Amino acid sequence: MKKIALLTGLLLTCTFHLFAQTSVSTGVVSTTTPVAPPKGHPNSSGAGWKPLFASDLSDAGFPKGVWSFDDGGVLTATADVAIWTAVPYDDFVLDLLFKTADGTNSGVVVHASDTTNWIPNSVEIQIADDYAKKWADSPTNWQCGAFFGHQAAIKQQVVKKPDEWNRYTITCQGKMIYVVLNNQLVNTIDLSKFTSAKTNPDGSEVPSWLNKAPSELPLRGYIGLQGKHAGAPIYFRNLKIKAL
């Protein structure tokens with residue numbers, strides 16, 4: 001009897017933990033192990049990693065002629081138009097290098113459910129030349145490493161000065177997003193806390209064009225890169241992704 005009781009208790013415990021991992025929004029049981037906050041950048045040459053885009057951009061969505069890779073594998077745009085993955089992603093780790101120019105303002109866009117009207121329908125992890133006066137004088141949640149318009153990085157000017165390469169690792173799992181910039185964890189974002197389209201959890205005002213509460217955004221979406229915004233270019237290379 002004791003053995004039967006012990007086995008019954010073990011089965012109930014396992015069932016409880018499995019149920020606890022069930023997605024509220026989909027009702028589907030998740031078997032993904034929760035990701036601990038990263039301490040640095042991953043080894044993106046290991047198993048499970050693949051390029052975010054093909055070298056000829058045949059699997060990317062963008063207006064013809066705007067985005068291109070040069071002979072050195074550097075991706076850039078000639079206009080303020082985003083480039084998108086051909087398929088949506090659930091949980092993932094995205095690892096890349098980026099380089100700013102004087103005054104660059106760009107971003108990595110995740111959880112985009114509408115690539116045509118992506119600004120209120122996604123999460124933007126900001127890229128900016130924090131050394132340019134225009135962005136240095138802006139709210140900290142407009143600066144590099146921020147959840148744009150919502151939550152600043154814990155430290156500013158971790159980004160390097162223009163013309164130097166930076167490394168970004170963005171981990172998305174469920175409602176959690178972790179941002180590592182140049183080997184420092186600069187932002188930990190819990191989307192479930194952003195329940196208002198007008199006011200952030202810290203009391204700051206949300207920009208009017210971000211008119212949807214982040215907590216309500218779908219977690220399955222396309223990944224994009226913002227183009228030549230505010231008149232300054234942005235450069236990317238070594239873009240790799242690993243589904244979780």
# chains A, B, ... in the order shown; residues from 1 in each chain; ligands from 1
>>> residues_around(residues="A:Lys64", least_positions_apart="5", cutoff="12 Å", atoms="only C-alpha atoms", output="PyMOL selection string")
chain A and resi 57-58+77-79+81-83
>>> write_last_selection(atoms="all heavy atoms", output="compact mmCIF listing (two decimals), in the first residue's frame")
# COMPACT_ATOMS: atom_id res chain seq x y z
N LEU A 57 18.85 36.56 -49.53
CA LEU A 57 17.62 37.16 -48.99
C LEU A 57 16.36 36.61 -49.65
O LEU A 57 15.31 37.26 -49.64
CB LEU A 57 17.65 38.69 -49.10
CG LEU A 57 18.76 39.40 -48.32
CD1 LEU A 57 18.69 40.91 -48.54
CD2 LEU A 57 18.65 39.07 -46.83
N SER A 58 16.46 35.41 -50.20
CA SER A 58 15.30 34.81 -50.86
C SER A 58 14.20 34.42 -49.88
O SER A 58 13.05 34.20 -50.28
CB SER A 58 15.73 33.58 -51.66
OG SER A 58 16.37 32.63 -50.81
N ALA A 77 20.40 48.71 -45.39
CA ALA A 77 19.23 49.17 -46.15
C ALA A 77 19.48 50.57 -46.69
O ALA A 77 20.24 51.35 -46.11
CB ALA A 77 17.99 49.17 -45.27
N THR A 78 18.79 50.89 -47.79
CA THR A 78 18.91 52.21 -48.39
C THR A 78 17.74 53.12 -48.03
O THR A 78 17.73 54.29 -48.41
CB THR A 78 18.98 52.08 -49.92
OG1 THR A 78 17.80 51.40 -50.38
CG2 THR A 78 20.22 51.31 -50.35
N ALA A 79 16.75 52.57 -47.30
CA ALA A 79 15.57 53.36 -46.95
C ALA A 79 15.02 52.90 -45.61
O ALA A 79 15.43 51.87 -45.06
CB ALA A 79 14.50 53.21 -48.04
N VAL A 81 12.77 51.16 -44.30
CA VAL A 81 11.82 50.06 -44.49
C VAL A 81 12.40 48.83 -43.78
O VAL A 81 13.59 48.52 -43.94
CB VAL A 81 11.62 49.74 -45.98
CG1 VAL A 81 10.65 48.57 -46.15
CG2 VAL A 81 11.10 50.96 -46.72
N ALA A 82 11.57 48.13 -43.04
CA ALA A 82 12.03 46.96 -42.30
C ALA A 82 12.16 45.74 -43.21
O ALA A 82 11.53 45.66 -44.27
CB ALA A 82 11.07 46.66 -41.15
N ILE A 83 12.98 44.79 -42.77
CA ILE A 83 13.09 43.50 -43.42
C ILE A 83 12.57 42.45 -42.45
O ILE A 83 12.80 42.55 -41.24
CB ILE A 83 14.56 43.20 -43.83
CG1 ILE A 83 14.64 41.90 -44.63
CG2 ILE A 83 15.49 43.16 -42.62
CD1 ILE A 83 16.02 41.66 -45.24
>>> select_by_dssp(residues="stretch 6-227 of chain A", states="strand (DSSP E)", output="short mmCIF file (atom, residue, chain, number, x, y, z; two decimals) with N, CA and C atoms, in the first residue's frame")
data_model
loop_
_atom_site.label_atom_id
_atom_site.label_comp_id
_atom_site.auth_asym_id
_atom_site.auth_seq_id
_atom_site.Cartn_x
_atom_site.Cartn_y
_atom_site.Cartn_z
N TRP A 49 21.50 26.15 -34.39
CA TRP A 49 21.59 27.52 -34.90
C TRP A 49 21.53 27.53 -36.42
N LYS A 50 20.90 28.57 -36.97
CA LYS A 50 20.85 28.72 -38.42
C LYS A 50 20.84 30.21 -38.76
N PRO A 51 21.19 30.57 -39.99
CA PRO A 51 21.14 31.98 -40.38
C PRO A 51 19.72 32.52 -40.31
N ALA A 60 13.42 36.37 -47.21
CA ALA A 60 13.11 37.58 -46.44
C ALA A 60 12.03 38.39 -47.15
N GLY A 61 11.30 39.17 -46.35
CA GLY A 61 10.27 40.03 -46.91
C GLY A 61 10.66 41.49 -46.81
N TRP A 67 17.09 46.30 -49.21
CA TRP A 67 18.07 45.60 -48.36
C TRP A 67 18.98 44.74 -49.22
N SER A 68 20.26 44.64 -48.79
CA SER A 68 21.19 43.77 -49.51
C SER A 68 22.38 43.43 -48.63
N PHE A 69 22.98 42.27 -48.92
CA PHE A 69 24.26 41.88 -48.32
C PHE A 69 25.37 42.33 -49.25
N LEU A 75 24.79 43.33 -43.96
CA LEU A 75 23.43 43.63 -44.40
C LEU A 75 23.07 45.06 -44.05
N THR A 76 22.56 45.80 -45.02
CA THR A 76 22.16 47.18 -44.77
C THR A 76 21.01 47.56 -45.70
N ALA A 77 20.40 48.71 -45.39
CA ALA A 77 19.23 49.17 -46.15
C ALA A 77 19.48 50.57 -46.69
N ILE A 83 12.98 44.79 -42.77
CA ILE A 83 13.09 43.50 -43.42
C ILE A 83 12.57 42.45 -42.45
N TRP A 84 11.85 41.44 -42.98
CA TRP A 84 11.15 40.48 -42.12
C TRP A 84 11.50 39.04 -42.47
N THR A 85 11.46 38.19 -41.45
CA THR A 85 11.59 36.76 -41.69
C THR A 85 10.36 36.28 -42.46
N PHE A 92 12.71 31.74 -28.99
CA PHE A 92 13.97 31.67 -29.74
C PHE A 92 15.06 32.48 -29.06
N VAL A 93 16.28 32.25 -29.53
CA VAL A 93 17.43 33.10 -29.20
C VAL A 93 17.96 33.65 -30.52
N LEU A 94 18.10 34.96 -30.60
CA LEU A 94 18.62 35.63 -31.79
C LEU A 94 19.95 36.26 -31.43
N ASP A 95 20.96 35.98 -32.24
CA ASP A 95 22.30 36.51 -31.97
C ASP A 95 22.80 37.21 -33.22
N LEU A 96 23.36 38.42 -33.08
CA LEU A 96 23.79 39.17 -34.25
C LEU A 96 24.83 40.22 -33.88
N LEU A 97 25.46 40.76 -34.90
CA LEU A 97 26.35 41.90 -34.75
C LEU A 97 25.72 43.09 -35.47
N PHE A 98 25.87 44.28 -34.89
CA PHE A 98 25.40 45.49 -35.56
C PHE A 98 26.41 46.60 -35.38
N LYS A 99 26.36 47.54 -36.32
CA LYS A 99 27.25 48.70 -36.28
C LYS A 99 26.42 49.94 -36.58
N THR A 100 26.59 50.97 -35.78
CA THR A 100 25.87 52.22 -36.01
C THR A 100 26.73 53.20 -36.80
N ASN A 105 19.41 55.35 -35.54
CA ASN A 105 18.28 54.93 -34.70
C ASN A 105 17.60 53.79 -35.44
N SER A 106 17.73 52.59 -34.91
CA SER A 106 17.19 51.41 -35.56
C SER A 106 16.64 50.48 -34.49
N GLY A 107 16.45 49.23 -34.82
CA GLY A 107 15.96 48.30 -33.81
C GLY A 107 15.79 46.90 -34.36
N VAL A 108 15.70 45.97 -33.42
CA VAL A 108 15.36 44.59 -33.72
C VAL A 108 13.92 44.39 -33.26
N VAL A 109 13.08 43.94 -34.16
CA VAL A 109 11.64 43.83 -33.88
C VAL A 109 11.27 42.35 -33.71
N VAL A 110 10.60 42.03 -32.60
CA VAL A 110 10.18 40.66 -32.34
C VAL A 110 8.68 40.64 -32.06
N HIS A 111 8.11 39.45 -32.11
CA HIS A 111 6.68 39.26 -31.84
C HIS A 111 5.79 40.12 -32.75
N ALA A 112 6.21 40.33 -33.98
CA ALA A 112 5.41 41.16 -34.90
C ALA A 112 4.30 40.31 -35.51
N VAL A 123 7.22 44.15 -30.49
CA VAL A 123 8.15 44.63 -29.47
C VAL A 123 9.43 45.04 -30.18
N GLU A 124 9.88 46.27 -29.95
CA GLU A 124 11.13 46.73 -30.56
C GLU A 124 12.22 46.85 -29.51
N ILE A 125 13.31 46.13 -29.75
CA ILE A 125 14.50 46.25 -28.92
C ILE A 125 15.40 47.28 -29.61
N GLN A 126 15.58 48.39 -28.96
CA GLN A 126 16.16 49.57 -29.60
C GLN A 126 17.66 49.44 -29.90
N ILE A 127 18.03 49.98 -31.05
CA ILE A 127 19.43 50.22 -31.41
C ILE A 127 19.56 51.71 -31.65
N ALA A 128 20.56 52.33 -31.04
CA ALA A 128 20.74 53.77 -31.23
C ALA A 128 22.19 54.16 -31.00
N TRP A 165 31.76 47.46 -34.19
CA TRP A 165 30.77 46.39 -34.14
C TRP A 165 30.35 46.07 -32.72
N ASN A 166 29.06 45.86 -32.55
CA ASN A 166 28.45 45.48 -31.28
C ASN A 166 27.80 44.10 -31.44
N ARG A 167 27.67 43.41 -30.33
CA ARG A 167 26.97 42.12 -30.37
C ARG A 167 25.70 42.20 -29.53
N TYR A 168 24.63 41.68 -30.09
CA TYR A 168 23.31 41.65 -29.46
C TYR A 168 22.85 40.20 -29.38
N THR A 169 22.34 39.78 -28.23
CA THR A 169 21.65 38.51 -28.10
C THR A 169 20.30 38.78 -27.46
N ILE A 170 19.24 38.39 -28.14
CA ILE A 170 17.89 38.61 -27.66
C ILE A 170 17.21 37.25 -27.50
N THR A 171 16.82 36.96 -26.28
CA THR A 171 16.17 35.70 -25.96
C THR A 171 14.70 35.96 -25.65
N CYS A 172 13.81 35.28 -26.37
CA CYS A 172 12.37 35.40 -26.14
C CYS A 172 11.81 34.05 -25.74
N GLN A 173 11.23 33.99 -24.57
CA GLN A 173 10.53 32.77 -24.15
C GLN A 173 9.30 33.16 -23.35
N MET A 176 8.78 36.56 -21.36
CA MET A 176 10.08 37.08 -20.95
C MET A 176 10.98 37.35 -22.15
N ILE A 177 11.69 38.48 -22.11
CA ILE A 177 12.69 38.84 -23.12
C ILE A 177 13.94 39.29 -22.39
N TYR A 178 15.07 38.71 -22.76
CA TYR A 178 16.36 39.09 -22.19
C TYR A 178 17.23 39.69 -23.28
N VAL A 179 17.89 40.79 -22.96
CA VAL A 179 18.72 41.50 -23.94
C VAL A 179 20.15 41.58 -23.43
N VAL A 180 21.06 40.98 -24.16
CA VAL A 180 22.49 41.05 -23.84
C VAL A 180 23.17 41.90 -24.91
N LEU A 181 23.86 42.93 -24.48
CA LEU A 181 24.58 43.83 -25.38
C LEU A 181 26.04 43.86 -24.97
N GLN A 184 26.91 42.08 -21.76
CA GLN A 184 26.25 42.52 -20.53
C GLN A 184 24.74 42.35 -20.66
N LEU A 185 24.11 41.77 -19.65
CA LEU A 185 22.65 41.68 -19.61
C LEU A 185 22.13 43.07 -19.28
N VAL A 186 21.55 43.75 -20.28
CA VAL A 186 21.16 45.14 -20.11
C VAL A 186 19.66 45.33 -19.93
N ASN A 187 18.88 44.28 -20.20
CA ASN A 187 17.43 44.43 -20.03
C ASN A 187 16.78 43.07 -19.80
N THR A 188 15.89 43.04 -18.84
CA THR A 188 15.05 41.88 -18.57
C THR A 188 13.61 42.37 -18.61
N ILE A 189 12.87 41.89 -19.58
CA ILE A 189 11.53 42.42 -19.85
C ILE A 189 10.48 41.35 -19.58
N ASP A 190 9.55 41.67 -18.71
CA ASP A 190 8.42 40.79 -18.43
C ASP A 190 7.18 41.45 -19.03
N TYR A 222 6.69 37.52 -36.39
CA TYR A 222 7.84 37.67 -37.28
C TYR A 222 8.94 38.47 -36.60
N ILE A 223 10.15 38.27 -37.08
CA ILE A 223 11.32 39.01 -36.60
C ILE A 223 11.75 39.97 -37.70
N GLY A 224 12.02 41.21 -37.33
CA GLY A 224 12.40 42.20 -38.33
C GLY A 224 13.54 43.08 -37.86
N LEU A 225 14.13 43.77 -38.82
CA LEU A 225 15.18 44.75 -38.56
C LEU A 225 14.74 46.07 -39.16
#
>>> atom_distance(atom1="atom CA of A:Trp135", atom2="atom CA of A:Asn200")
20.1 Å
>>> select_by_dssp(residues="stretch 75-149 of chain A", states="alpha helix (DSSP H)", output="ChimeraX atom specification")
/A:133-136
>>> closest_residue(among="A:Pro218, A:Gly103, A:Gly227, A:Pro233", to="A:Tyr89", atoms="only C-alpha atoms")
A:Pro218
>>> residues_around(residues="A:Thr199", least_positions_apart="2", cutoff="12 Å", atoms="only C-alpha atoms", output="PyMOL selection string")
chain A and resi 149-151+193-197+201-208+210-214
>>> atom_distance(atom1="atom CA of A:Gln143", atom2="atom CA of A:Pro37")
21.4 Å
>>> atom_distance(atom1="atom CA of A:Trp142", atom2="atom CA of A:Asp130")
9.3 Å
>>> residues_around(residues="A:Ala152", least_positions_apart="2", cutoff="6 Å", atoms="only C-alpha atoms", output="compact mmCIF listing (two decimals) with C-alpha atoms, in the first residue's frame")
# COMPACT_ATOMS: atom_id res chain seq x y z
CA THR A 140 16.37 56.48 -21.68
CA ASN A 141 13.72 54.10 -22.99
CA ALA A 146 15.71 49.57 -24.35
>>> closest_residue(among="A:Pro42, A:Ala36, A:Asp56, A:Tyr131", to="A:Asn183", atoms="only C-alpha atoms")
A:Pro42
